[in-house]
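Worksheet: the structure to be examined is printed underneath.
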Amino acid sequence: MIKLLYSGKFWLKTMCFGLLVPLLLWLGAHFGLKHLFSEAHIRQTANTVLAGSGRQFAFDGGQIERGWFPYPYVVLHQVGLTRPQNQGPALNAETVRLSFGWSALWGDTDIRSLSLNGATVFVQRLDGGRWEVAGFTSGEAGNHTLPQRIELDNSNLRIQYGEQKQSLRQVSGFIDRGDGNFDLAASLFAPQEYRLQAAGSYDGSHIEQLQASLAGFLPGGQSFTASWQGNADYAAEQSRLNTKEGRLNMQIPGWALNIEGNTRNWQLSPTGAVLPETHIVFTTEQPESGQDAPALLHSGSGSINKASYQNRTLEIGGFQISGTFEQNGANSSYSANGRLKAEPGSFQADNLFLNTRHTAAPNSMPSWVGQWSGSISGKAGSWQAQLQGSLDNNEGYLKISGRPGEQGYSIDAEAKLAKLALGEYLPGSSDGAENSDPLWLRYWPQALRDRQIKLALDIGSLEGSGLQIQNFHSTLRLDADQLRADDIRMQLYDGQATGSAVLHAGNRPKWQAILNFNNIQIKPLLQDAFRFNHLSGHGNAAFQISAEGLKRSEWHTTLAGEGRIMLDNGAWQGINLAKLLNQPAPLHAQSLIRYNAESSTPFRHFSIEARVENGIGTTPRLSLQSDSLNLSGQGSFDIRNNSLNYAVLASAGRNLWLPLKINGSISRPSFALDYQRITSNLQTPEQKQRALQDVLQQQWQWIQNLPENTQP
């Protein structure tokens with residue numbers, strides 16, 4: 001080799017020197033870097049820096065990585081640093097990478113970057129707004145001993161401020177003091193996981209284009225994302241972030257809910273937050289079950305004023321929210337305002353004012369028109385509220401409470417109303433009108449999933465479709481499957497009624513009812529329930545019935561059950577038997593006496609029993625007694641077709657009888673002699689004619705004995 005250098009050949013010398021110089025530089029750099037970042041030198045430098053502080057520094061001396069590019073660096077493994085006076089660890093890391101400026105070769109401490117991987121860093125806020133990070137206390141602004149760039153990868157921050165502690169896990173990102181940029185992401189457990197991210201640029205204490213986001217799950221299990229962007233200032237002494245005007249956005253995909261808002265002068269610090277003013281608007285669209293069903297649109301706006309969170313206490317000086325549900329022409333609106341205070345384990349909302357309103361169709365009368373005021377409070381998972389106001393302009397009172405239970409969430413309530421009109425709360429009667437179902441009926445099952453309601457209800461006056469009920473009382477039990485009404489008591493039709501009922505949820509709700517009426521006027525009851533108005537009088541009635549559907553067109557076709565009516569001192573409307581019997585001798589057997597609303601047959605006592613199946617009823621027994629005649633018979637009726645067919649035997653004494661047929665429309669029946677029964681056992685026309693004449697003769701004898709006041 002030496003001979004080649006002195007051989008005189010220029011090209012050969014150039015090649016040798018070209019190889020020798022880089023080799024010597026590499027060897028020098030390698031041994032120099034190994035000496036500069038030797039285990040002994042690192043430990044000596046660490047001991048010098050930590051001398052007198054009571055802290056200890058440790059690392060795995062057998063795993064040291066070194067390099068030159070892009071800057072001189074050293075990588076230490078299994079690094080540990082304790083806090084002063086044996087207060088516990090300040091830093092534990094799987095790897096720590098330190099990059100130095102080139103001036104470090106001449107003894108200058110110029111740390112360009114610090115990278116931590118798999119680290120746990122302990123951070124504590126000290127008095128005066130200073131922070132202790134990994135055992136080191138932050139100094140004056142512009143401290144050049146701090147790294148120009150700090151990087152974290154899959155690390156944890158254990159933060160303590162005052163008596164409060166918090167953990168940020170899976171922290172990744174960087175803070176670059178040279179460029180004035182930062183981008184950090186972390187997971188927050190409180191107690192369920194939330195993912196935080198913040199990025200922006202800063203110039204001293206001013207932060208430009210700050211973007212912060214939060215993602216996680218609500219207590220009910222729905223996922224959400226929230227983001228905020230704007231400018232802010234950082235007050236180091238108070239460790240407080242003062243935001244300027246900002247833009248807020250929140251999304252809950254499971255509810256198709258989007259919330260947007262404007263914020264102003266938020267103040268955020270590790271010890272709490274002050275939110276002087278926040279305004280939001282929100283929209284959501286939930287598709288209905290079924291391909292062609294219209295979607296439910298929900299939109300609204302709200303504001304929060306003078307809100308603060310300090311010492312785990314949330315206070316809102318005033319909030320307001322209003323919204324509207326819209327679907328296929330139906331419109332439901334609400335608004336609420338008040339103030340709120342929430343502490344760990346309890347909350348109190350007072351000065352509450354609630355307003356509700358529902359319109360089933362553009363030109364229909366509104367319902368659920370409520371104005372309520374009161375308060376609500378909660379503690380240890382339960383809550384209670386007391387509200388006074390009105391529903392549909394009728395005075396009311398509501399007391400309600402809720403608590404978690406083994407069978408789901410339970411709600412107990414007590415409601416009193418002076419008056420309630422049922423018309424707007426029951427389905428319409430038009431056939432095929434799918435949208436006539438009220439809002440509560442369509443959304444009842446999903447609203448009460450895993451919930452139960454028990455309601456003691458008292459209503460002074462209950463009205464609907466001509467129905468007049470006074471002093472109504474019942475205990476209602478409601479869950480996602482059924483609505484049960486127990487202990488029903490009410491006054492109606494000049495009498496009293498008791499019973500129970502149950503309504504099962506479904507596309508076509510099923511219901512059953514047991515009702516007992518005492519000393520009532522039967523005519524309005526039959527008129528309201530079955531459109532039957534031919535019977536009047538005071539008495540008792542009992543019904544045990546069931547059906548499908550709430551619209552009259554539905555439940556009339558599926559009605560099933562049985563009933564019994566017993567009346568005194570009434571009348572059978574639509575016919576006067578005295579007039580029917582007092583006919584001329586040549587009356588033809590098939591002649592009909594049409595229904596006459598002004599005619600009636602008085603009675604002392606009347607009883608009837610009926611059984612119904614799918615809207616078709618049979619009457620095995622019917623009887624009527626008056627001063628001058630008795631009736632007995634049986635028959636059937638069809639509520640679906642509004643028709644009846646009865647065979648009745650009228651008797652005025654021994655061997656005086658008159659068979660009648662009653663058929664046709666329930667609302668306007670026809671009456672006629674039952675020719676078939678009169679002649680059923682006779683063979684020749686002469687015999688049948690003679691039998692008919694005998695019956696007509698008996699009519700005349702009968703009519704002579706009838707009181708004159710029975711004549712119309």
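Simple scheme: letters A, B, ... for chains in structure tokens order, numbers from 1 for residues in each chain, numbers from 1 for ligands in the order shown.
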Contact residues around Thr498 of chain A with only C-alpha atoms at 10 Å, ignoring same-chain residues under 2 positions, as a list of chain:residue names: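 Those residues are A:Phe472, A:His473, A:Ser474, A:Asp486, A:Asp487, A:Ile488, A:Arg489, A:Met490, A:Gln491, A:Gln496, A:Ser500, A:Ile514, A:Leu515, A:Asn516, A:Phe517, A:Asn518, A:Ala542.
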Selected residues written out with C-alpha atoms, as a compact mmCIF listing (two decimals), in the first residue's frame:
# COMPACT_ATOMS: atom_id res chain seq x y z
CA PHE A 472 -111.97 9.51 36.07
CA HIS A 473 -109.31 7.59 38.00
CA SER A 474 -106.99 4.76 37.01
CA ASP A 486 -106.10 -1.03 36.46
CA ASP A 487 -108.56 0.17 39.08
CA ILE A 488 -110.63 2.19 36.61
CA ARG A 489 -113.27 4.28 38.38
CA MET A 490 -115.43 6.93 36.75
CA GLN A 491 -118.82 8.56 36.68
CA GLN A 496 -120.72 4.79 37.87
CA SER A 500 -109.71 -2.63 33.80
CA ILE A 514 -113.61 -5.54 31.50
CA LEU A 515 -116.17 -2.88 32.42
CA ASN A 516 -119.07 -2.90 34.88
CA PHE A 517 -121.67 -0.11 34.77
CA ASN A 518 -124.01 0.60 37.68
CA ALA A 542 -121.26 -5.66 32.18
Shell of 7 Å around segment 357-364 of chain A, only C-alpha atoms, local chain residues under 4 positions omitted, as a list in words: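 Contacts, with the query itself left out: Gly329, Ala330, Asn331, Ser332, Ser333, Tyr334, Trp368, Val369 and Gly370 of chain A.
Residue nearest Gly464 of chain A within the list A:Ser390, A:Lys419, A:Pro602, A:Ile565: A:Lys419 [criterion: smallest interatomic distance, only C-alpha atoms].
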Selection: 8 Å around Arg97 of chain A, only C-alpha atoms, excl. self and same-chain fewer than 3 positions, as a list of chain:residue names: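 Answer for this query is A:Tyr73, A:Val74, A:Val75, A:Leu76, A:Ser113, A:Leu114, A:Ser115, A:Leu116.
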Which residues in segment 76-216 of chain A does DSSP call helix (DSSP H, G or I)? List them as a PDB file with N, CA, C and O atoms, in the first residue's frame.
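File result-v9.pdb, as written:
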ATOM      1  N   PRO A  84     -37.791  13.848  42.887  1.00  0.00           N
ATOM      2  CA  PRO A  84     -36.973  14.181  44.064  1.00  0.00           C
ATOM      3  C   PRO A  84     -37.526  13.538  45.337  1.00  0.00           C
ATOM      4  O   PRO A  84     -38.730  13.300  45.475  1.00  0.00           O
ATOM      5  N   GLN A  85     -36.621  13.219  46.244  1.00  0.00           N
ATOM      6  CA  GLN A  85     -36.950  12.748  47.588  1.00  0.00           C
ATOM      7  C   GLN A  85     -37.826  11.500  47.553  1.00  0.00           C
ATOM      8  O   GLN A  85     -38.760  11.344  48.334  1.00  0.00           O
ATOM      9  N   ASN A  86     -37.490  10.608  46.636  1.00  0.00           N
ATOM     10  CA  ASN A  86     -38.169   9.303  46.546  1.00  0.00           C
ATOM     11  C   ASN A  86     -39.694   9.428  46.477  1.00  0.00           C
ATOM     12  O   ASN A  86     -40.432   8.676  47.111  1.00  0.00           O
ATOM     13  N   TRP A 102     -24.983  20.096  16.061  1.00  0.00           N
ATOM     14  CA  TRP A 102     -23.569  19.800  15.825  1.00  0.00           C
ATOM     15  C   TRP A 102     -22.665  20.488  16.838  1.00  0.00           C
ATOM     16  O   TRP A 102     -21.553  20.031  17.103  1.00  0.00           O
ATOM     17  N   SER A 103     -23.191  21.538  17.448  1.00  0.00           N
ATOM     18  CA  SER A 103     -22.379  22.227  18.455  1.00  0.00           C
ATOM     19  C   SER A 103     -22.158  21.384  19.688  1.00  0.00           C
ATOM     20  O   SER A 103     -21.301  21.700  20.521  1.00  0.00           O
ATOM     21  N   ALA A 104     -22.934  20.303  19.839  1.00  0.00           N
ATOM     22  CA  ALA A 104     -22.727  19.423  20.987  1.00  0.00           C
ATOM     23  C   ALA A 104     -21.357  18.760  20.938  1.00  0.00           C
ATOM     24  O   ALA A 104     -20.830  18.324  21.969  1.00  0.00           O
ATOM     25  N   LEU A 105     -20.736  18.707  19.729  1.00  0.00           N
ATOM     26  CA  LEU A 105     -19.401  18.111  19.618  1.00  0.00           C
ATOM     27  C   LEU A 105     -18.346  18.951  20.323  1.00  0.00           C
ATOM     28  O   LEU A 105     -17.269  18.451  20.669  1.00  0.00           O
ATOM     29  N   TRP A 106     -18.684  20.234  20.528  1.00  0.00           N
ATOM     30  CA  TRP A 106     -17.733  21.120  21.217  1.00  0.00           C
ATOM     31  C   TRP A 106     -18.197  21.458  22.644  1.00  0.00           C
ATOM     32  O   TRP A 106     -17.820  22.456  23.209  1.00  0.00           O
ATOM     33  N   ASP A 127     -47.819  25.496  42.229  1.00  0.00           N
ATOM     34  CA  ASP A 127     -48.335  26.826  42.525  1.00  0.00           C
ATOM     35  C   ASP A 127     -47.753  27.843  41.558  1.00  0.00           C
ATOM     36  O   ASP A 127     -46.612  27.719  41.091  1.00  0.00           O
ATOM     37  N   GLY A 128     -48.535  28.865  41.273  1.00  0.00           N
ATOM     38  CA  GLY A 128     -48.063  29.912  40.367  1.00  0.00           C
ATOM     39  C   GLY A 128     -48.221  29.566  38.906  1.00  0.00           C
ATOM     40  O   GLY A 128     -47.708  30.300  38.051  1.00  0.00           O
ATOM     41  N   GLY A 129     -48.891  28.453  38.610  1.00  0.00           N
ATOM     42  CA  GLY A 129     -49.132  28.099  37.219  1.00  0.00           C
ATOM     43  C   GLY A 129     -48.008  27.326  36.572  1.00  0.00           C
ATOM     44  O   GLY A 129     -48.098  27.004  35.391  1.00  0.00           O
TER      45      GLY A 129
END
Which of segment 188-428 of chain A fall in strand (DSSP E), as an MDAnalysis selection string: chainID A and resid 188:189 193:203 206:217 223:235 240:252 257:264 267:269 272:286 296:310 313:327 330:343 346:359 367:379 382:391 394:405 408:421
Can you tell me, as a PDB file with all heavy atoms, in the first residue's frame, what residues are no more than 6 Å from Ile520 of chain A when counting only C-alpha atoms, ignoring any on the same chain fewer than 4 positions away?
ATOM      1  N   TYR A 493    -122.834   8.740  32.257  1.00  0.00           N
ATOM      2  CA  TYR A 493    -124.205   8.361  31.932  1.00  0.00           C
ATOM      3  C   TYR A 493    -125.079   8.292  33.193  1.00  0.00           C
ATOM      4  O   TYR A 493    -125.860   7.366  33.388  1.00  0.00           O
ATOM      5  CB  TYR A 493    -124.236   7.020  31.197  1.00  0.00           C
ATOM      6  CG  TYR A 493    -123.315   6.956  30.004  1.00  0.00           C
ATOM      7  CD1 TYR A 493    -122.344   5.970  29.906  1.00  0.00           C
ATOM      8  CD2 TYR A 493    -123.411   7.895  28.985  1.00  0.00           C
ATOM      9  CE1 TYR A 493    -121.495   5.907  28.812  1.00  0.00           C
ATOM     10  CE2 TYR A 493    -122.573   7.840  27.883  1.00  0.00           C
ATOM     11  CZ  TYR A 493    -121.608   6.851  27.798  1.00  0.00           C
ATOM     12  OH  TYR A 493    -120.774   6.790  26.718  1.00  0.00           O
ATOM     13  N   ASP A 494    -124.899   9.270  34.075  1.00  0.00           N
ATOM     14  CA  ASP A 494    -125.669   9.385  35.319  1.00  0.00           C
ATOM     15  C   ASP A 494    -125.426   8.234  36.275  1.00  0.00           C
ATOM     16  O   ASP A 494    -126.231   7.994  37.190  1.00  0.00           O
ATOM     17  CB  ASP A 494    -127.175   9.476  35.033  1.00  0.00           C
ATOM     18  CG  ASP A 494    -127.524  10.722  34.236  1.00  0.00           C
ATOM     19  OD1 ASP A 494    -126.774  11.710  34.354  1.00  0.00           O
ATOM     20  OD2 ASP A 494    -128.523  10.687  33.515  1.00  0.00           O
ATOM     21  N   GLY A 495    -124.333   7.485  36.092  1.00  0.00           N
ATOM     22  CA  GLY A 495    -124.035   6.374  36.986  1.00  0.00           C
ATOM     23  C   GLY A 495    -122.536   6.243  37.205  1.00  0.00           C
ATOM     24  O   GLY A 495    -121.772   7.195  37.014  1.00  0.00           O
ATOM     25  N   HIS A 538    -132.640   3.104  32.849  1.00  0.00           N
ATOM     26  CA  HIS A 538    -131.603   3.022  33.865  1.00  0.00           C
ATOM     27  C   HIS A 538    -131.343   1.566  34.207  1.00  0.00           C
ATOM     28  O   HIS A 538    -132.269   0.749  34.214  1.00  0.00           O
ATOM     29  CB  HIS A 538    -132.041   3.762  35.135  1.00  0.00           C
ATOM     30  CG  HIS A 538    -131.589   5.181  35.162  1.00  0.00           C
ATOM     31  ND1 HIS A 538    -132.326   6.211  34.620  1.00  0.00           N
ATOM     32  CD2 HIS A 538    -130.461   5.752  35.666  1.00  0.00           C
ATOM     33  CE1 HIS A 538    -131.683   7.353  34.792  1.00  0.00           C
ATOM     34  NE2 HIS A 538    -130.554   7.098  35.426  1.00  0.00           N
ATOM     35  N   GLY A 539    -130.070   1.257  34.501  1.00  0.00           N
ATOM     36  CA  GLY A 539    -129.792  -0.105  34.920  1.00  0.00           C
ATOM     37  C   GLY A 539    -128.317  -0.388  34.988  1.00  0.00           C
ATOM     38  O   GLY A 539    -127.481   0.523  35.097  1.00  0.00           O
TER      39      GLY A 539
END
Coordinates-based distance that separates atom CA of Arg125 of chain A from atom CA of Leu268 of chain A (Å, one decimal): 15.0 Å
Atom CA of Gly302 of chain A to atom CA of Ser346 of chain A, straight-line distance in Å: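 Distance between the two atoms: 23.7 Å.
The coordinates place atom CA of Leu483 of chain A at 14.4 Å from atom CA of Ser410 of chain A.
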Segment 228-240 of chain A environment, 6 Å, only C-alpha atoms, sequence neighbours closer than 6 positions dropped, as a list of chain:residue names: A:Gly128, A:Gly129, A:Ser205, A:His206, A:Ile207, A:Glu208, A:Gln209, A:Leu210, A:Gln211, A:Ala212, A:Gly246, A:Arg247, A:Leu248, A:Leu268, A:Ser269
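By chain and then residue number, the residues within 10 Å of Leu631 of chain A are Phe603, Phe606, Leu622, Ser623, Leu624, Gln625, Ser626, Leu629, Gly633, Val648, Leu649, Ala650, Ser651, Ala652, Trp657, Leu658, Pro659 and Leu660 of chain A, counting only C-alpha atoms and disregarding those fewer than 2 positions away in sequence.
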Next, dump the selected residues to file, keeping only C-alpha atoms, as an mmCIF file, in the first residue's frame.
data_model
loop_
_atom_site.group_PDB
_atom_site.id
_atom_site.type_symbol
_atom_site.label_atom_id
_atom_site.label_comp_id
_atom_site.auth_asym_id
_atom_site.auth_seq_id
_atom_site.Cartn_x
_atom_site.Cartn_y
_atom_site.Cartn_z
ATOM 1 C CA PHE A 603 -141.124 -1.476 29.816
ATOM 2 C CA PHE A 606 -135.486 -5.418 30.163
ATOM 3 C CA LEU A 622 -133.755 -11.367 25.425
ATOM 4 C CA SER A 623 -136.745 -10.425 27.596
ATOM 5 C CA LEU A 624 -138.988 -7.396 28.184
ATOM 6 C CA GLN A 625 -141.807 -6.918 30.705
ATOM 7 C CA SER A 626 -144.294 -4.070 30.832
ATOM 8 C CA LEU A 629 -147.139 -7.178 27.454
ATOM 9 C CA GLY A 633 -136.673 -13.770 21.873
ATOM 10 C CA VAL A 648 -139.362 -11.947 19.070
ATOM 11 C CA LEU A 649 -142.531 -13.303 20.667
ATOM 12 C CA ALA A 650 -144.903 -10.691 22.119
ATOM 13 C CA SER A 651 -147.423 -11.972 24.673
ATOM 14 C CA ALA A 652 -150.325 -10.186 26.363
ATOM 15 C CA TRP A 657 -149.163 -14.121 21.358
ATOM 16 C CA LEU A 658 -147.669 -12.336 18.389
ATOM 17 C CA PRO A 659 -144.446 -13.453 16.609
ATOM 18 C CA LEU A 660 -142.391 -10.560 15.191
#
Selected residue, from A:Asn249, A:Ser167, A:Asn305, A:Thr137, that lies nearest to Leu275 of chain A when counting only C-alpha atoms: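 The closest residue to Leu275 of chain A is A:Asn305.
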Residue among A:Phe347, A:Tyr397, A:Phe122, A:Trp444 lying closest to Gln166 of chain A, counting only C-alpha atoms: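 Checking each candidate against Gln166 of chain A, we get A:Phe122 as the closest.
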Nearby residues (only C-alpha atoms) at most 7 Å from Glu326 of chain A, same-chain spacing under 6 positions excluded, as a list in words: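 That gives Leu296, Leu297, His298 and Ser332 of chain A.
When only C-alpha atoms are used to compute distances to Ile666 of chain A, the closest of the residues A:Ser632, A:Asn533, A:Ser322, A:Asn355 turns out to be A:Asn533.
Of the residues under consideration (A:Arg169, A:Lys416, A:Arg508, A:Arg195), A:Lys416 shows the shortest atom-to-atom contact distance to Gln388 of chain A when counting only C-alpha atoms.
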